[in-house]
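**Student:** Got a file for you: data.txt, compact mmCIF, C-alpha atoms and all ligand atoms.
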# COMPACT_ATOMS: atom_id res chain seq x y z
CA MET E 1 38.00 61.07 185.26
CA ILE E 2 35.75 59.31 182.78
CA LEU E 3 37.30 57.55 179.80
CA GLY E 4 34.91 57.16 176.90
CA VAL E 5 36.30 54.80 174.28
CA ASN E 6 35.25 55.41 170.69
CA VAL E 7 35.06 52.10 168.80
CA ASP E 8 34.29 53.57 165.33
CA HIS E 9 37.56 52.39 163.86
CA VAL E 10 36.91 48.77 164.72
CA ALA E 11 33.96 49.18 162.38
CA THR E 12 36.19 50.98 159.85
CA VAL E 13 38.27 47.78 159.50
CA ARG E 14 35.11 45.69 159.17
CA GLN E 15 33.65 47.97 156.51
CA ALA E 16 36.90 47.84 154.53
CA ARG E 17 35.76 44.34 153.52
CA MET E 18 32.02 44.75 154.09
CA THR E 19 32.13 41.68 156.30
CA PHE E 20 31.28 40.72 159.89
CA GLU E 21 34.64 41.16 161.57
CA PRO E 22 36.03 42.78 163.62
CA ASP E 23 32.82 43.53 165.48
CA PRO E 24 32.70 46.88 167.34
CA VAL E 25 30.16 45.34 169.73
CA MET E 26 32.65 42.66 170.81
CA ALA E 27 35.33 45.34 171.03
CA ALA E 28 33.09 47.40 173.29
CA THR E 29 32.63 44.55 175.76
CA LEU E 30 36.39 44.04 175.96
CA ALA E 31 37.00 47.79 176.30
CA ILE E 32 34.61 47.81 179.26
CA LEU E 33 36.49 44.89 180.84
CA GLY E 34 39.65 46.97 180.38
CA GLY E 35 38.11 49.81 182.38
CA ALA E 36 36.27 52.01 179.86
CA ASP E 37 33.71 54.19 181.64
CA GLY E 38 31.83 54.71 178.42
CA ILE E 39 31.53 53.60 174.82
CA THR E 40 31.16 56.14 172.03
CA VAL E 41 30.02 55.59 168.46
CA HIS E 42 29.52 58.13 165.68
CA LEU E 43 26.64 57.09 163.45
CA ARG E 44 27.45 59.04 160.31
CA GLU E 45 24.98 59.94 157.62
CA ASP E 46 27.00 57.88 155.10
CA ARG E 47 27.34 54.89 157.53
CA ARG E 48 31.01 54.61 156.65
CA HIS E 49 31.86 52.75 159.85
CA ILE E 50 29.22 52.31 162.55
CA GLN E 51 25.95 50.75 161.34
CA ASP E 52 22.46 51.07 162.84
CA ARG E 53 22.71 47.44 163.97
CA ASP E 54 25.84 48.24 166.01
CA LEU E 55 24.10 51.04 167.85
CA ARG E 56 21.06 48.92 168.67
CA LEU E 57 23.14 45.99 169.95
CA LEU E 58 25.35 48.33 171.97
CA ARG E 59 22.26 49.84 173.58
CA GLU E 60 21.28 46.35 174.73
CA ILE E 61 24.60 45.30 176.17
CA VAL E 62 26.55 48.39 177.29
CA PRO E 63 26.11 48.88 181.06
CA VAL E 64 28.28 52.03 181.17
CA GLU E 65 27.69 55.37 179.40
CA LEU E 66 26.69 54.89 175.77
CA ASN E 67 27.48 58.13 173.96
CA LEU E 68 26.02 58.64 170.49
CA GLU E 69 27.89 61.17 168.37
CA MET E 70 25.73 62.49 165.58
CA ALA E 71 24.88 65.43 163.36
CA ALA E 72 21.81 67.47 164.27
CA THR E 73 19.72 66.09 161.41
CA GLU E 74 16.10 64.99 161.43
CA GLU E 75 17.12 61.38 160.78
CA MET E 76 19.66 61.27 163.62
CA VAL E 77 17.41 62.98 166.16
CA GLY E 78 14.78 60.33 165.38
CA ILE E 79 17.29 57.51 165.87
CA ALA E 80 18.52 58.99 169.17
CA ILE E 81 15.01 59.28 170.55
CA ASP E 82 14.26 55.72 169.49
CA VAL E 83 17.49 54.04 170.70
CA LYS E 84 17.97 56.19 173.82
CA PRO E 85 21.73 56.37 174.37
CA ASP E 86 22.85 57.73 177.75
CA LEU E 87 24.30 60.82 176.10
CA VAL E 88 24.08 62.47 172.69
CA THR E 89 27.06 64.49 171.49
CA ILE E 90 26.19 66.73 168.59
CA VAL E 91 29.03 67.16 166.11
CA PRO E 92 29.38 68.92 162.78
CA GLU E 93 29.55 66.50 159.89
CA LYS E 94 30.77 66.87 156.34
CA ARG E 95 30.63 63.99 153.89
CA GLU E 96 34.09 64.59 152.49
CA GLU E 97 35.95 64.85 155.80
CA LEU E 98 38.23 62.09 157.09
CA THR E 99 37.19 62.78 160.67
CA THR E 100 35.35 65.54 162.56
CA GLU E 101 37.44 68.57 161.66
CA GLY E 102 36.31 71.24 164.11
CA GLY E 103 33.71 72.23 166.64
CA LEU E 104 30.12 73.17 165.83
CA ASP E 105 29.27 76.40 164.05
CA LEU E 106 26.96 77.41 166.88
CA GLN E 107 25.94 80.81 165.54
CA GLY E 108 24.99 79.42 162.16
CA MET E 109 23.00 76.50 163.59
CA LYS E 110 21.42 78.05 166.68
CA GLN E 111 17.80 77.35 165.84
CA ARG E 112 18.40 73.83 164.56
CA LEU E 113 20.47 72.99 167.66
CA ARG E 114 17.90 74.44 170.02
CA GLU E 115 15.17 72.28 168.50
CA ALA E 116 17.38 69.16 168.53
CA VAL E 117 18.29 69.67 172.21
CA GLU E 118 14.66 70.17 173.18
CA ARG E 119 13.53 67.00 171.43
CA ILE E 120 16.40 64.85 172.72
CA ASN E 121 16.05 66.20 176.27
CA ALA E 122 12.32 65.51 176.15
CA ALA E 123 13.24 61.83 175.62
CA GLY E 124 15.28 62.00 178.85
CA ILE E 125 18.70 62.14 177.16
CA PRO E 126 21.29 64.80 178.05
CA VAL E 127 23.05 66.60 175.20
CA SER E 128 26.67 67.62 174.79
CA PHE E 129 27.99 69.98 172.09
CA PHE E 130 31.37 69.37 170.49
CA ILE E 131 32.83 72.88 170.38
CA ASN E 132 36.06 74.69 169.66
CA PRO E 133 37.99 75.85 172.74
CA SER E 134 36.34 79.28 172.79
CA ILE E 135 34.74 81.14 175.67
CA THR E 136 32.12 82.54 173.31
CA ASP E 137 31.16 79.06 172.13
CA VAL E 138 30.83 77.84 175.72
CA ASP E 139 28.48 80.75 176.45
CA ILE E 140 26.41 80.08 173.33
CA SER E 141 26.19 76.38 174.24
CA LYS E 142 24.75 77.37 177.60
CA ASP E 143 22.34 79.76 175.92
CA ILE E 144 21.13 77.11 173.45
CA GLY E 145 20.49 74.69 176.30
CA ALA E 146 23.19 71.99 176.18
CA GLN E 147 23.92 70.21 179.46
CA MET E 148 27.53 69.48 178.58
CA VAL E 149 30.29 70.47 176.21
CA GLU E 150 33.15 68.50 174.73
CA ILE E 151 36.07 70.78 174.00
CA HIS E 152 37.85 70.01 170.73
CA THR E 153 41.49 69.15 171.42
CA GLY E 154 42.46 68.63 167.76
CA HIS E 155 44.38 71.90 167.47
CA TYR E 156 46.20 71.14 170.73
CA ALA E 157 47.09 67.70 169.38
CA ASN E 158 48.42 69.04 166.09
CA ALA E 159 50.42 71.96 167.55
CA ARG E 160 54.03 71.77 168.70
CA GLY E 161 56.12 73.67 171.28
CA GLU E 162 54.81 77.03 172.40
CA ALA E 163 51.84 76.83 170.06
CA ARG E 164 50.77 73.67 171.89
CA ASP E 165 50.99 75.45 175.26
CA GLU E 166 48.77 78.20 173.85
CA GLU E 167 46.23 75.65 172.63
CA LEU E 168 46.25 73.94 176.02
CA LYS E 169 45.52 77.29 177.69
CA LYS E 170 42.48 77.73 175.43
CA VAL E 171 41.18 74.28 176.35
CA ARG E 172 41.72 75.03 180.05
CA ALA E 173 39.93 78.38 179.79
CA ALA E 174 36.99 76.79 177.99
CA VAL E 175 36.69 74.10 180.67
CA GLU E 176 36.75 76.78 183.42
CA ARG E 177 34.10 78.81 181.64
CA ALA E 178 31.88 75.77 181.18
CA ARG E 179 32.08 75.02 184.90
CA LEU E 180 31.23 78.63 185.72
CA ASN E 181 28.20 78.32 183.47
CA GLY E 182 27.12 75.14 185.25
CA LEU E 183 27.96 72.93 182.27
CA LEU E 184 29.83 69.63 182.54
CA ALA E 185 33.05 69.79 180.51
CA ASN E 186 34.72 67.01 178.56
CA ALA E 187 37.49 67.03 175.98
CA GLY E 188 38.44 64.94 173.00
CA HIS E 189 39.84 64.48 169.52
CA GLY E 190 43.41 63.71 168.56
CA LEU E 191 44.38 62.64 172.08
CA THR E 192 47.08 59.98 172.24
CA TYR E 193 49.19 58.15 174.84
CA TYR E 194 51.83 60.83 174.21
CA ASN E 195 49.81 64.03 174.51
CA VAL E 196 46.96 63.17 176.86
CA LYS E 197 48.48 63.91 180.26
CA PRO E 198 48.35 67.74 180.24
CA VAL E 199 44.69 67.60 179.17
CA ALA E 200 43.84 64.98 181.80
CA ALA E 201 45.44 67.26 184.41
CA ILE E 202 43.04 70.17 183.71
CA GLU E 203 41.12 70.97 186.86
CA GLY E 204 37.40 70.27 186.70
CA ILE E 205 37.36 68.22 183.53
CA ARG E 206 34.76 65.45 183.63
CA GLY E 207 35.98 63.05 180.99
CA LEU E 208 38.00 62.36 177.87
CA TYR E 209 36.67 60.79 174.68
CA ILE E 210 39.36 58.92 172.77
CA GLY E 211 39.19 56.67 169.73
CA HIS E 212 41.88 56.40 167.12
CA SER E 213 44.89 56.13 169.41
CA ILE E 214 43.34 53.45 171.63
CA ILE E 215 42.13 51.36 168.68
CA SER E 216 45.55 51.74 167.02
CA ARG E 217 47.28 50.40 170.13
CA ALA E 218 44.65 47.70 170.46
CA VAL E 219 45.62 46.29 167.06
CA LEU E 220 49.02 45.50 168.57
CA VAL E 221 48.36 44.76 172.26
CA GLY E 222 44.64 43.99 172.45
CA ILE E 223 41.86 46.36 173.41
CA GLU E 224 41.62 45.47 177.10
CA GLN E 225 45.27 46.29 177.63
CA ALA E 226 45.12 49.40 175.45
CA VAL E 227 42.22 50.76 177.52
CA ARG E 228 43.90 49.81 180.80
CA GLU E 229 47.05 51.70 179.80
CA MET E 230 45.08 54.82 178.85
CA LYS E 231 43.05 54.70 182.07
CA LYS E 232 46.24 54.53 184.08
CA LEU E 233 47.79 57.47 182.22
CA ILE E 234 44.82 59.78 182.65
CA SER E 235 44.37 58.86 186.31
CA MET E 236 47.98 59.71 187.27
CA LYS E 237 48.44 63.13 188.83
N1 LIG S 1 35.18 63.39 170.23
C1 LIG S 1 34.48 63.67 169.12
C2 LIG S 1 33.34 64.60 169.23
C3 LIG S 1 34.81 63.07 167.88
O1 LIG S 1 34.10 63.35 166.78
C4 LIG S 1 35.87 62.14 167.84
C5 LIG S 1 36.21 61.44 166.57
O2 LIG S 1 35.16 60.64 166.16
C6 LIG S 1 36.56 61.88 169.04
C7 LIG S 1 36.22 62.53 170.22
C8 LIG S 1 37.69 60.91 169.09
O3 LIG S 1 38.76 61.41 168.36
P1 LIG S 1 40.03 60.50 168.12
O4 LIG S 1 39.58 59.33 167.29
O5 LIG S 1 40.98 61.41 167.42
O6 LIG S 1 40.50 60.05 169.47
Write out the structure in this file as structure tokens.
**Tutor:**
Amino acid sequence: MILGVNVDHVATVRQARMTFEPDPVMAATLAILGGADGITVHLREDRRHIQDRDLRLLREIVPVELNLEMAATEEMVGIAIDVKPDLVTIVPEKREELTTEGGLDLQGMKQRLREAVERINAAGIPVSFFINPSITDVDISKDIGAQMVEIHTGHYANARGEARDEELKKVRAAVERARLNGLLANAGHGLTYYNVKPVAAIEGIRGLYIGHSIISRAVLVGIEQAVREMKKLISMK
């Protein structure tokens, strides 16, 4: 089970003062020492946390999977082709949102996504789509040409009791469908030390992409330890 650690919120603290610290690049190296199998950054159109400089330095020093989350815009496709991360995850992006709020609107963006995938793949980079836990969306992802999907676990994370069980079932069904379609299946968003185990236990899941909860714990215990604790949790059967 791959653990991709999203270091955006290290940059959020830095940008709060527009200064040089804490540095997400330093955080990434420590996360890797703690056992991260990948480092994720979301280069947003408004550059509210990760900066272009962070991405370029990470590309030079990250020996594990470097996953670039980005919107399917002309600017971002150009940056991806230039920097060459190991994986591009296409996410929806709205300026006013606090964080990515839902999966891609695949129907509405089909043509734009198809073109983005073709161009990014032509540069030798696989593409993952961040999608809602929906069988239909898995099928459309396959049809558009993605190699991977990341199933949005935000609704699972926010639900309680029986509603949470229902959300977990949807995530499980989407993972199964992706595998049937020959797509690699990941999951992420809103996962914490307290809710991650049932998702990690889903058969056939390739990896989990986690940011806020790990960085929050890292503020208190250090990032190496925070990553080590999450790795242990998701590896336990
Ligand atoms: N996966 C995707 C596609 C995301 O956009 C995010 C948030 O940037 C995450 C995973 C990580 O979510 P969280 O910070 O809630 O762990």
**Student:** Smallest atom-to-atom distance to E:Pro63: which of E:Asn121, E:Asn181, E:Ser235, E:Thr29, using all atoms listed in the file?
**Tutor:**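 Closest to E:Pro63 of all the choices is E:Thr29.
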**Student:** Find the residues near ligand LIG 1 (chain S). Use a cut-off of 7 Å, count only C-alpha atoms and all ligand atoms, and write them as a PyMOL selection string.
**Tutor:** chain E and resi 6+42+69+89+91+99-100+130+150+188-191+209-213
**Student:** Applying 10 Å and only C-alpha atoms, which residues near E:Leu33 remain after dropping the ones on its own chain fewer than 4 positions away? List them as a PyMOL selection string.
**Tutor:** chain E and resi 27-29+37+223-225+227-228
**Student:** I'd like the interatomic distance between atom CA of E:Glu21 and atom CA of E:Ile90, to a tenth of an Å.
**Tutor:**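 Taking atom CA of E:Glu21 as the start and atom CA of E:Ile90 as the end point, the length is 27.8 Å.
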**Student:** Identify, on the basis of only C-alpha atoms, every residue whose closest approach to E:Asn158 does not exceed 10 Å; exclude the query and any residue fewer than 5 positions from it along the same chain; express the result as a compact mmCIF listing (two decimals) with C-alpha atoms, keeping the file's coordinate frame.
**Tutor:**
# COMPACT_ATOMS: atom_id res chain seq x y z
CA THR E 153 41.49 69.15 171.42
CA ALA E 163 51.84 76.83 170.06
CA ARG E 164 50.77 73.67 171.89
CA GLU E 167 46.23 75.65 172.63
CA GLY E 190 43.41 63.71 168.56
CA LEU E 191 44.38 62.64 172.08
CA ASN E 195 49.81 64.03 174.51
**Student:** Go through E:Leu98, E:Ala173, E:Met109, E:Leu55 one by one, measure the shortest atom-to-atom distance of each to E:Asp82 using only C-alpha atoms, and give the residue with the smallest value.
**Tutor:**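 That would be E:Leu55, the residue with the smallest distance to E:Asp82.
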**Student:** Could you jot down the atom CA of E:Ala218 to atom CA of E:Met1 separation for me, Å, one decimal place?
**Tutor:** 21.0 Å
**Student:** In terms of the shortest atom-to-atom distance over only C-alpha atoms, which of E:Gly102, E:Gln111, E:Glu162, E:Ala185 is closest to E:Ser128?
**Tutor:**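 For E:Ser128, the nearest of the given residues is E:Ala185.
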**Student:** With distances taken over only C-alpha atoms, which residue among E:Val13, E:Ile202, E:Leu66, E:Ala178 lies nearest E:Thr40?
**Tutor:**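 For E:Thr40, the nearest of the candidates is E:Leu66.
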**Student:** For atom CA of E:Val83 and atom CA of E:Ala187, quote the distance in Å rounded to one decimal.
**Tutor:** 24.4 Å
**Student:** Using only C-alpha atoms - which residues lie no farther than 10 Å from the point (18.5, 71.8, 171.9) in the file's frame? Write them as a PyMOL selection string.
**Tutor:** chain E and resi 72+90+110-122+126-129+141+143-147
**Student:** Go through E:Val196, E:Ile214, E:Lys94, E:Ile140 and flag the residue nearest E:Ala71, using all atoms listed in the file for the distances.
**Tutor:**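 Of E:Val196, E:Ile214, E:Lys94, E:Ile140, the one nearest E:Ala71 is E:Lys94, counting all atoms listed in the file.
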**Student:** Contacts of E:Ile81 at 7 Å or less, counting all atoms listed in the file, minus same-chain residues fewer than 3 places along, as a ChimeraX atom specification?
**Tutor:** /E:77-78,84,120,123
**Student:** Find, counting all atoms listed in the file, the residue in E:Val171, E:Met236, E:Leu220, E:Ala226 that gets nearest to E:Gly35.
**Tutor:** E:Ala226
